[in-house]
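K.L.:
Just one file: upload-v8.pdb, with PDB, C-alpha atoms.
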ATOM      1  CA  MET A   1       8.631 121.068 150.250
ATOM      2  CA  PHE A   2       7.236 117.665 149.427
ATOM      3  CA  THR A   3       3.853 119.004 148.410
ATOM      4  CA  PHE A   4       5.672 121.441 146.133
ATOM      5  CA  LEU A   5       7.700 118.614 144.563
ATOM      6  CA  HIS A   6       4.612 116.526 144.168
ATOM      7  CA  LYS A   7       2.796 119.265 142.351
ATOM      8  CA  PHE A   8       5.874 120.032 140.243
ATOM      9  CA  ALA A   9       6.009 116.421 139.082
ATOM     10  CA  SER A  10       2.288 115.820 138.704
ATOM     11  CA  PRO A  11       1.642 114.784 135.092
ATOM     12  CA  GLN A  12      -0.664 117.660 134.312
ATOM     13  CA  TYR A  13       1.612 120.292 135.799
ATOM     14  CA  PHE A  14       4.696 118.757 134.198
ATOM     15  CA  TYR A  15       3.030 118.800 130.790
ATOM     16  CA  ALA A  16       2.367 122.506 131.207
ATOM     17  CA  TRP A  17       5.772 123.721 132.388
ATOM     18  CA  SER A  18       7.819 121.420 130.172
ATOM     19  CA  ALA A  19       6.375 123.053 127.042
ATOM     20  CA  SER A  20       8.365 126.247 127.502
ATOM     21  CA  TRP A  21      11.457 124.305 128.644
ATOM     22  CA  GLN A  22      11.296 122.289 125.459
ATOM     23  CA  LYS A  23      10.999 125.430 123.383
ATOM     24  CA  TRP A  24      13.860 127.307 125.027
ATOM     25  CA  SER A  25      16.243 124.385 125.091
ATOM     26  CA  SER A  26      15.537 123.834 121.375
ATOM     27  CA  ILE A  27      16.338 127.459 120.595
ATOM     28  CA  LEU A  28      19.475 127.289 122.730
ATOM     29  CA  ALA A  29      20.558 124.076 121.001
ATOM     30  CA  VAL A  30      20.224 125.597 117.523
ATOM     31  CA  LEU A  31      22.107 128.766 118.505
ATOM     32  CA  LEU A  32      24.923 126.950 120.292
ATOM     33  CA  MET A  33      25.212 124.363 117.539
ATOM     34  CA  SER A  34      25.591 127.083 114.866
ATOM     35  CA  VAL A  35      28.279 128.928 116.822
ATOM     36  CA  GLY A  36      29.953 125.666 117.805
ATOM     37  CA  LEU A  37      30.072 124.393 114.216
ATOM     38  CA  TYR A  38      31.514 127.700 113.028
ATOM     39  CA  TYR A  39      34.364 127.438 115.531
ATOM     40  CA  SER A  40      34.980 123.726 115.198
ATOM     41  CA  LEU A  41      35.055 123.624 111.394
ATOM     42  CA  LEU A  42      36.147 127.116 110.343
ATOM     43  CA  ASN A  43      37.666 129.082 113.155
ATOM     44  CA  SER A  44      40.001 126.758 115.033
ATOM     45  CA  PRO A  45      43.530 125.595 114.266
ATOM     46  CA  ALA A  46      44.641 122.170 113.075
ATOM     47  CA  ASP A  47      46.596 120.263 115.715
ATOM     48  CA  TYR A  48      50.370 120.008 115.241
ATOM     49  CA  GLN A  49      50.244 116.229 115.757
ATOM     50  CA  GLN A  50      46.716 115.217 114.753
ATOM     51  CA  GLY A  51      46.307 117.670 111.864
ATOM     52  CA  GLU A  52      42.697 118.216 110.818
ATOM     53  CA  THR A  53      41.452 115.103 112.618
ATOM     54  CA  VAL A  54      41.422 117.183 115.805
ATOM     55  CA  ARG A  55      38.077 118.488 114.509
ATOM     56  CA  ILE A  56      36.619 115.055 115.214
ATOM     57  CA  MET A  57      37.109 115.856 118.918
ATOM     58  CA  TYR A  58      34.497 118.607 118.754
ATOM     59  CA  VAL A  59      31.770 116.041 118.134
ATOM     60  CA  HIS A  60      33.359 112.967 119.722
ATOM     61  CA  VAL A  61      34.019 114.444 123.174
ATOM     62  CA  PRO A  62      30.604 116.159 123.545
ATOM     63  CA  ALA A  63      28.907 112.899 122.490
ATOM     64  CA  ALA A  64      30.952 110.927 125.031
ATOM     65  CA  TRP A  65      30.261 113.455 127.797
ATOM     66  CA  LEU A  66      26.564 113.376 126.950
ATOM     67  CA  SER A  67      26.544 109.572 127.063
ATOM     68  CA  MET A  68      27.568 109.809 130.732
ATOM     69  CA  PHE A  69      25.544 112.923 131.543
ATOM     70  CA  GLY A  70      22.427 111.275 130.111
ATOM     71  CA  TYR A  71      23.100 108.253 132.299
ATOM     72  CA  MET A  72      23.257 110.459 135.392
ATOM     73  CA  VAL A  73      19.930 112.083 134.454
ATOM     74  CA  MET A  74      18.492 108.589 133.941
ATOM     75  CA  ALA A  75      19.913 107.484 137.305
ATOM     76  CA  SER A  76      18.294 110.474 139.048
ATOM     77  CA  ALA A  77      14.962 109.546 137.485
ATOM     78  CA  ALA A  78      15.548 105.928 138.542
ATOM     79  CA  ILE A  79      16.159 106.882 142.178
ATOM     80  CA  VAL A  80      13.055 109.105 142.229
ATOM     81  CA  THR A  81      11.092 106.219 140.681
ATOM     82  CA  LEU A  82      12.249 103.731 143.306
ATOM     83  CA  ILE A  83      11.607 106.024 146.275
ATOM     84  CA  TRP A  84       8.526 108.056 145.341
ATOM     85  CA  ARG A  85       7.097 106.200 142.319
ATOM     86  CA  ILE A  86       6.515 109.438 140.484
ATOM     87  CA  LYS A  87       5.057 108.745 137.032
ATOM     88  CA  VAL A  88       6.967 111.453 135.200
ATOM     89  CA  ALA A  89      10.257 110.018 136.514
ATOM     90  CA  GLU A  90       9.229 106.516 135.407
ATOM     91  CA  ILE A  91       8.690 107.790 131.878
ATOM     92  CA  MET A  92      12.002 109.681 131.874
ATOM     93  CA  ILE A  93      14.027 106.472 132.406
ATOM     94  CA  GLY A  94      13.089 104.874 129.097
ATOM     95  CA  GLN A  95      13.366 108.148 127.179
ATOM     96  CA  CYS A  96      16.851 108.905 128.574
ATOM     97  CA  ALA A  97      17.917 105.388 127.628
ATOM     98  CA  VAL A  98      16.955 105.793 123.968
ATOM     99  CA  ILE A  99      18.712 109.154 123.614
ATOM    100  CA  GLY A 100      21.685 108.026 125.705
ATOM    101  CA  ALA A 101      22.174 104.877 123.643
ATOM    102  CA  SER A 102      22.240 106.875 120.406
ATOM    103  CA  PHE A 103      24.924 109.223 121.727
ATOM    104  CA  THR A 104      26.969 106.382 123.205
ATOM    105  CA  ALA A 105      26.975 104.722 119.787
ATOM    106  CA  LEU A 106      27.935 108.048 118.201
ATOM    107  CA  ALA A 107      30.826 108.496 120.659
ATOM    108  CA  LEU A 108      32.077 104.979 119.914
ATOM    109  CA  ILE A 109      31.855 105.320 116.132
ATOM    110  CA  THR A 110      33.385 108.817 115.936
ATOM    111  CA  GLY A 111      36.125 107.499 118.236
ATOM    112  CA  MET A 112      36.752 104.653 115.803
ATOM    113  CA  LEU A 113      36.913 107.069 112.880
ATOM    114  CA  TRP A 114      39.542 109.048 114.769
ATOM    115  CA  GLY A 115      41.386 105.944 115.955
ATOM    116  CA  LYS A 116      41.922 104.522 112.480
ATOM    117  CA  PRO A 117      44.105 107.357 111.120
ATOM    118  CA  MET A 118      45.701 108.250 114.493
ATOM    119  CA  TRP A 119      46.218 104.894 116.239
ATOM    120  CA  GLY A 120      46.149 102.750 113.126
ATOM    121  CA  ALA A 121      43.170 100.684 114.307
ATOM    122  CA  TYR A 122      39.423 101.238 114.475
ATOM    123  CA  TRP A 123      39.139  99.374 117.735
ATOM    124  CA  VAL A 124      41.388  98.285 120.591
ATOM    125  CA  TRP A 125      40.225  96.546 123.768
ATOM    126  CA  ASP A 126      41.371  99.415 125.907
ATOM    127  CA  ALA A 127      39.748 100.137 129.291
ATOM    128  CA  ARG A 128      38.112 103.389 128.140
ATOM    129  CA  LEU A 129      36.660 101.900 124.966
ATOM    130  CA  THR A 130      35.502  98.739 126.707
ATOM    131  CA  SER A 131      33.777 100.553 129.585
ATOM    132  CA  GLU A 132      32.026 102.856 127.093
ATOM    133  CA  LEU A 133      30.834  99.763 125.214
ATOM    134  CA  VAL A 134      29.500  98.389 128.513
ATOM    135  CA  LEU A 135      27.591 101.674 128.879
ATOM    136  CA  LEU A 136      25.939 101.054 125.504
ATOM    137  CA  PHE A 137      24.847  97.582 126.629
ATOM    138  CA  LEU A 138      23.516  99.012 129.903
ATOM    139  CA  TYR A 139      21.378 101.423 127.892
ATOM    140  CA  PHE A 140      20.130  98.538 125.719
ATOM    141  CA  GLY A 141      19.305  96.578 128.875
ATOM    142  CA  VAL A 142      17.303  99.488 130.304
ATOM    143  CA  ILE A 143      15.389  99.909 127.019
ATOM    144  CA  ALA A 144      14.612  96.185 126.898
ATOM    145  CA  LEU A 145      13.491  96.017 130.539
ATOM    146  CA  SER A 146      11.257  99.102 130.237
ATOM    147  CA  GLY A 147       9.270  97.392 127.524
ATOM    148  CA  ALA A 148       9.402  93.835 128.864
ATOM    149  CA  PHE A 149       6.378  93.975 131.177
ATOM    150  CA  ASP A 150       2.691  94.300 130.432
ATOM    151  CA  ASP A 151       2.500  96.621 133.384
ATOM    152  CA  GLU A 152       4.485  99.724 132.388
ATOM    153  CA  ARG A 153       5.065 100.670 136.001
ATOM    154  CA  ALA A 154       6.619  97.292 136.799
ATOM    155  CA  GLY A 155       8.828  97.705 133.722
ATOM    156  CA  ALA A 156       9.937 101.131 134.900
ATOM    157  CA  ARG A 157      10.858  99.771 138.335
ATOM    158  CA  ALA A 158      12.900  96.929 136.835
ATOM    159  CA  ALA A 159      14.662  99.373 134.507
ATOM    160  CA  ALA A 160      15.284 101.668 137.486
ATOM    161  CA  ILE A 161      17.005  98.907 139.432
ATOM    162  CA  LEU A 162      19.298  98.057 136.498
ATOM    163  CA  THR A 163      20.060 101.767 136.065
ATOM    164  CA  VAL A 164      21.032 102.175 139.712
ATOM    165  CA  VAL A 165      23.254  99.083 139.637
ATOM    166  CA  GLY A 166      24.879 100.331 136.419
ATOM    167  CA  ILE A 167      25.915 103.652 137.999
ATOM    168  CA  VAL A 168      29.082 101.840 139.066
ATOM    169  CA  ASN A 169      30.234 101.929 135.437
ATOM    170  CA  ILE A 170      30.290 105.753 135.274
ATOM    171  CA  PRO A 171      33.338 106.346 137.526
ATOM    172  CA  ILE A 172      34.996 103.386 135.796
ATOM    173  CA  ILE A 173      34.644 105.153 132.432
ATOM    174  CA  HIS A 174      35.854 108.424 133.884
ATOM    175  CA  TYR A 175      38.912 107.072 135.707
ATOM    176  CA  SER A 176      39.723 104.272 133.253
ATOM    177  CA  VAL A 177      42.416 106.401 131.628
ATOM    178  CA  GLU A 178      44.106 106.918 134.989
ATOM    179  CA  TRP A 179      43.664 103.496 136.592
ATOM    180  CA  TRP A 180      44.897 101.495 133.623
ATOM    181  CA  ASN A 181      47.531 102.021 131.016
ATOM    182  CA  THR A 182      45.259 102.911 128.150
ATOM    183  CA  LEU A 183      45.846 103.910 124.584
ATOM    184  CA  HIS A 184      43.091 106.476 125.012
ATOM    185  CA  GLN A 185      44.498 109.805 126.111
ATOM    186  CA  GLY A 186      43.990 111.171 129.613
ATOM    187  CA  PRO A 187      41.639 113.974 130.587
ATOM    188  CA  THR A 188      42.534 117.377 129.174
ATOM    189  CA  VAL A 189      39.551 119.433 130.269
ATOM    190  CA  SER A 190      38.355 118.191 133.664
ATOM    191  CA  LYS A 191      41.493 119.481 135.377
ATOM    192  CA  PHE A 192      39.832 122.811 135.982
ATOM    193  CA  ASP A 193      42.794 124.537 137.586
ATOM    194  CA  SER A 194      45.023 123.938 134.582
ATOM    195  CA  PRO A 195      43.255 122.579 131.514
ATOM    196  CA  SER A 196      45.901 121.426 129.080
ATOM    197  CA  ALA A 197      43.967 122.366 125.951
ATOM    198  CA  HIS A 198      44.556 125.752 124.350
ATOM    199  CA  PRO A 199      41.565 128.181 124.412
ATOM    200  CA  SER A 200      41.357 128.065 120.595
ATOM    201  CA  MET A 201      40.406 124.380 120.926
ATOM    202  CA  LEU A 202      38.743 124.524 124.334
ATOM    203  CA  ILE A 203      36.147 127.108 123.235
ATOM    204  CA  PRO A 204      34.669 125.112 120.309
ATOM    205  CA  LEU A 205      34.704 121.996 122.497
ATOM    206  CA  LEU A 206      32.804 123.592 125.371
ATOM    207  CA  ILE A 207      30.271 125.315 123.084
ATOM    208  CA  MET A 208      29.570 122.025 121.314
ATOM    209  CA  ALA A 209      29.254 120.253 124.662
ATOM    210  CA  LEU A 210      26.636 122.776 125.796
ATOM    211  CA  ALA A 211      24.836 122.510 122.441
ATOM    212  CA  PHE A 212      24.600 118.713 122.852
ATOM    213  CA  LYS A 213      23.214 119.105 126.381
ATOM    214  CA  ALA A 214      20.591 121.639 125.270
ATOM    215  CA  TYR A 215      19.620 119.257 122.466
ATOM    216  CA  PHE A 216      19.360 116.389 124.965
ATOM    217  CA  PHE A 217      16.882 118.264 127.152
ATOM    218  CA  ALA A 218      14.844 119.500 124.178
ATOM    219  CA  LEU A 219      14.528 115.927 122.928
ATOM    220  CA  LEU A 220      13.913 114.454 126.387
ATOM    221  CA  PHE A 221      11.008 116.833 126.995
ATOM    222  CA  LYS A 222       9.589 116.225 123.531
ATOM    223  CA  ARG A 223       9.652 112.453 124.012
ATOM    224  CA  ALA A 224       8.503 112.443 127.635
ATOM    225  CA  ARG A 225       5.543 114.729 126.909
ATOM    226  CA  ALA A 226       4.276 112.436 124.172
ATOM    227  CA  GLU A 227       4.608 109.289 126.317
ATOM    228  CA  LEU A 228       2.889 111.066 129.174
ATOM    229  CA  LEU A 229      -0.172 111.767 127.005
ATOM    230  CA  LEU A 230      -0.379 108.072 126.136
ATOM    231  CA  ARG A 231      -0.200 106.898 129.738
ATOM    232  CA  GLU A 232      -2.578 109.543 131.001
ATOM    233  CA  ARG A 233      -5.038 109.219 128.116
ATOM    234  CA  ASN A 234      -7.920 108.307 130.378
ATOM    235  CA  THR A 235      -7.579 111.295 132.667
ATOM    236  CA  SER A 236      -9.808 114.294 132.320
ATOM    237  CA  TRP A 237      -6.951 116.749 131.712
ATOM    238  CA  VAL A 238      -5.647 114.865 128.668
ATOM    239  CA  LYS A 239      -9.146 114.483 127.260
ATOM    240  CA  ALA A 240      -9.779 118.176 127.713
ATOM    241  CA  LEU A 241      -6.404 119.044 126.195
ATOM    242  CA  LEU A 242      -6.928 116.927 123.091
ATOM    243  CA  LYS A 243     -10.469 118.175 122.613
ATOM    244  CA  ASP A 244      -9.168 121.739 122.522
ATOM    245  CA  THR A 245      -6.676 120.982 119.786
ATOM    246  CA  GLU A 246      -9.123 119.211 117.507
TER
ATOM    247  CA  MET B 247      37.664 126.158  99.697
ATOM    248  CA  ASN B 248      39.066 122.895  98.370
ATOM    249  CA  ASP B 249      41.345 122.733 101.405
ATOM    250  CA  PHE B 250      38.267 122.936 103.581
ATOM    251  CA  PHE B 251      36.703 119.842 102.016
ATOM    252  CA  HIS B 252      40.031 118.058 101.766
ATOM    253  CA  MET B 253      40.698 118.310 105.545
ATOM    254  CA  GLY B 254      44.409 117.660 105.145
ATOM    255  CA  GLY B 255      43.760 114.261 103.590
ATOM    256  CA  TYR B 256      41.450 113.133 106.400
ATOM    257  CA  ALA B 257      38.227 114.135 104.640
ATOM    258  CA  PHE B 258      36.658 110.673 105.001
ATOM    259  CA  TYR B 259      37.222 110.544 108.758
ATOM    260  CA  VAL B 260      36.397 114.152 109.595
ATOM    261  CA  TRP B 261      33.353 114.496 107.337
ATOM    262  CA  GLY B 262      32.281 110.988 108.239
ATOM    263  CA  CYS B 263      32.104 112.024 111.893
ATOM    264  CA  TYR B 264      30.211 115.234 111.208
ATOM    265  CA  GLY B 265      27.849 113.414 108.884
ATOM    266  CA  LEU B 266      27.116 110.746 111.470
ATOM    267  CA  THR B 267      26.571 113.390 114.137
ATOM    268  CA  ALA B 268      24.103 115.218 111.908
ATOM    269  CA  GLY B 269      22.458 111.869 111.216
ATOM    270  CA  VAL B 270      22.025 111.041 114.918
ATOM    271  CA  LEU B 271      20.673 114.508 115.729
ATOM    272  CA  LEU B 272      18.177 114.442 112.857
ATOM    273  CA  ALA B 273      17.118 110.818 113.306
ATOM    274  CA  ASN B 274      16.386 111.383 116.995
ATOM    275  CA  LEU B 275      14.249 114.369 116.093
ATOM    276  CA  ILE B 276      12.372 112.550 113.321
ATOM    277  CA  PHE B 277      11.696 109.465 115.455
ATOM    278  CA  ALA B 278      10.441 111.617 118.335
ATOM    279  CA  THR B 279       8.095 113.514 116.018
ATOM    280  CA  MET B 280       6.786 110.309 114.419
ATOM    281  CA  ARG B 281       6.269 108.756 117.846
ATOM    282  CA  ARG B 282       4.270 111.758 119.028
ATOM    283  CA  LYS B 283       2.037 111.616 115.936
ATOM    284  CA  ARG B 284       1.537 107.897 116.402
ATOM    285  CA  ILE B 285       0.614 108.360 120.065
ATOM    286  CA  LEU B 286      -1.961 111.024 119.261
ATOM    287  CA  GLN B 287      -3.450 108.708 116.617
ATOM    288  CA  GLN B 288      -3.495 105.802 119.048
ATOM    289  CA  ILE B 289      -5.292 107.831 121.718
ATOM    290  CA  GLN B 290      -7.841 108.877 119.110
ATOM    291  CA  GLU B 291      -8.494 105.257 118.076
ATOM    292  CA  LEU B 292      -8.743 104.047 121.660
ATOM    293  CA  SER B 293     -11.248 106.735 122.560
ATOM    294  CA  GLU B 294     -13.395 105.889 119.534
ATOM    295  CA  GLU B 295     -13.635 102.252 120.655
ATOM    296  CA  ASP B 296     -15.232 103.312 123.943
TER
END
Output the structure of this file as structure tokens.
P.N.:
Amino acid sequence: MFTFLHKFASPQYFYAWSASWQKWSSILAVLLMSVGLYYSLLNSPADYQQGETVRIMYVHVPAAWLSMFGYMVMASAAIVTLIWRIKVAEIMIGQCAVIGASFTALALITGMLWGKPMWGAYWVWDARLTSELVLLFLYFGVIALSGAFDDERAGARAAAILTVVGIVNIPIIHYSVEWWNTLHQGPTVSKFDSPSAHPSMLIPLLIMALAFKAYFFALLFKRARAELLLRERNTSWVKALLKDTE
Amino acid sequence: MNDFFHMGGYAFYVWGCYGLTAGVLLANLIFATMRRKRILQQIQELSEED
């Protein structure tokens, strides 16, 4: 099992198998995004309370979900880094942080653009909004730490430790709407037995959420593969690979 | 068609969100592509110094 894992995560082997993963997740992202946009902009009803602003949900919620999903991927890479010191995992931490930070910012800003017409304010210091803002700062911290050392591997370990400590914020974001009296609405989808959203709104939301996740993996592989070439530039497999493409 | 762009009076908020989303998706892609190009260049330069 371990020898299999080791081979699976060896830089050279990773570079080979991730090529097709990058390709297929890109294709999936484009397909899902087209269908998702069709439903969310053209083929879904306006809400009886929110009117057309309900369409903001189809980008806001997937971005917010991805901000947490990306953190969990980063945390998995961090744990692998701390235990096995696998190079590919070390690289993944910094790449997840960059993508995750961009989607956390997107979730916050689209939330503000919904909050202004619906709540009457761009920002309130509500538990959900505040914990999501903390997530953004955690991502910034991980990005800063990854690049703060001359030795990239030391940087990755420091970033991994911050990532693991920051996991505590994820359940806080998730349960913030239940633990505190927040202005932000409660969960409507994660109650799987009885989701309180109508299928006409649930379908565009779930398709967009999947599209965002496919996009995340496509981008993560694209970024990680490039960084891997840089770190492994002195190995024979990278030299051979680059010679072939010249 | 005008209704579609008007978004029930919330055009700024709704289209603002979709515009920003498109911006984040595209910017991420462009930065990743530029970074890859830059890395390949850098490897080339480093190998020429040897």
K.L.:
Write out as a VMD selection string every residue belonging to chain B that has an atom at most 8 Å from any atom of chain A, counting all atoms listed in the file.
P.N.:
chain B and resid 253 to 254 256 259 to 260 262 to 264 266 to 267 270 274 to 275 278 281 to 282 285 to 286 289
K.L.:
So, with all atoms listed in the file as the atoms that count, which of A:Ala156, A:Ile173, A:Leu31, A:Ala148 lies closest to Val88 in chain A?
P.N.:
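Going through A:Ala156, A:Ile173, A:Leu31, A:Ala148 one by one, the smallest distance to Val88 in chain A is for A:Ala156.
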K.L.:
Taking the file above as input, evaluate the PyMOL selection byres ((chain A and resi 13-29) around 6) and report the hits as a list in words.
P.N.:
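On the file shown, the PyMOL selection byres ((chain A and resi 13-29) around 6) covers Ala9, Ser10, Pro11, Gln12, Val30, Leu31, Leu32, Met33, Ala211, Ala214, Tyr215, Ala218 and Phe221 of chain A.
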K.L.:
Output, as JSON, the centre and edge lengths in Å (one decimal) of the axis-aligned box that contains all listed atoms of range 142-158 of chain A with 4 Å of margin on each side.
P.N.:
{"center_x": 9.9, "center_y": 97.5, "center_z": 132.6, "size_x": 22.8, "size_y": 15.3, "size_z": 19.4}
K.L.:
In Å, rounded to a single decimal, give me how far CA of Pro62 in chain A is from CA of Tyr39 in chain A.
P.N.:
14.3 Å
K.L.:
Taking the file as shown, find all residues satisfying the PyMOL selection byres ((chain A and resi 174) around 12) and write them as an mmCIF file with C-alpha atoms, in the coordinates of the input.
P.N.:
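Result file selection_38.cif:
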data_model
loop_
_atom_site.group_PDB
_atom_site.id
_atom_site.type_symbol
_atom_site.label_atom_id
_atom_site.label_comp_id
_atom_site.auth_asym_id
_atom_site.auth_seq_id
_atom_site.Cartn_x
_atom_site.Cartn_y
_atom_site.Cartn_z
ATOM 1 C CA ALA A 64 30.952 110.927 125.031
ATOM 2 C CA TRP A 65 30.261 113.455 127.797
ATOM 3 C CA SER A 67 26.544 109.572 127.063
ATOM 4 C CA MET A 68 27.568 109.809 130.732
ATOM 5 C CA PHE A 69 25.544 112.923 131.543
ATOM 6 C CA ALA A 127 39.748 100.137 129.291
ATOM 7 C CA ARG A 128 38.112 103.389 128.140
ATOM 8 C CA LEU A 129 36.660 101.900 124.966
ATOM 9 C CA SER A 131 33.777 100.553 129.585
ATOM 10 C CA GLU A 132 32.026 102.856 127.093
ATOM 11 C CA LEU A 135 27.591 101.674 128.879
ATOM 12 C CA ILE A 167 25.915 103.652 137.999
ATOM 13 C CA VAL A 168 29.082 101.840 139.066
ATOM 14 C CA ASN A 169 30.234 101.929 135.437
ATOM 15 C CA ILE A 170 30.290 105.753 135.274
ATOM 16 C CA PRO A 171 33.338 106.346 137.526
ATOM 17 C CA ILE A 172 34.996 103.386 135.796
ATOM 18 C CA ILE A 173 34.644 105.153 132.432
ATOM 19 C CA TYR A 175 38.912 107.072 135.707
ATOM 20 C CA SER A 176 39.723 104.272 133.253
ATOM 21 C CA VAL A 177 42.416 106.401 131.628
ATOM 22 C CA GLU A 178 44.106 106.918 134.989
ATOM 23 C CA TRP A 179 43.664 103.496 136.592
ATOM 24 C CA TRP A 180 44.897 101.495 133.623
ATOM 25 C CA HIS A 184 43.091 106.476 125.012
ATOM 26 C CA GLN A 185 44.498 109.805 126.111
ATOM 27 C CA GLY A 186 43.990 111.171 129.613
ATOM 28 C CA PRO A 187 41.639 113.974 130.587
ATOM 29 C CA SER A 190 38.355 118.191 133.664
#
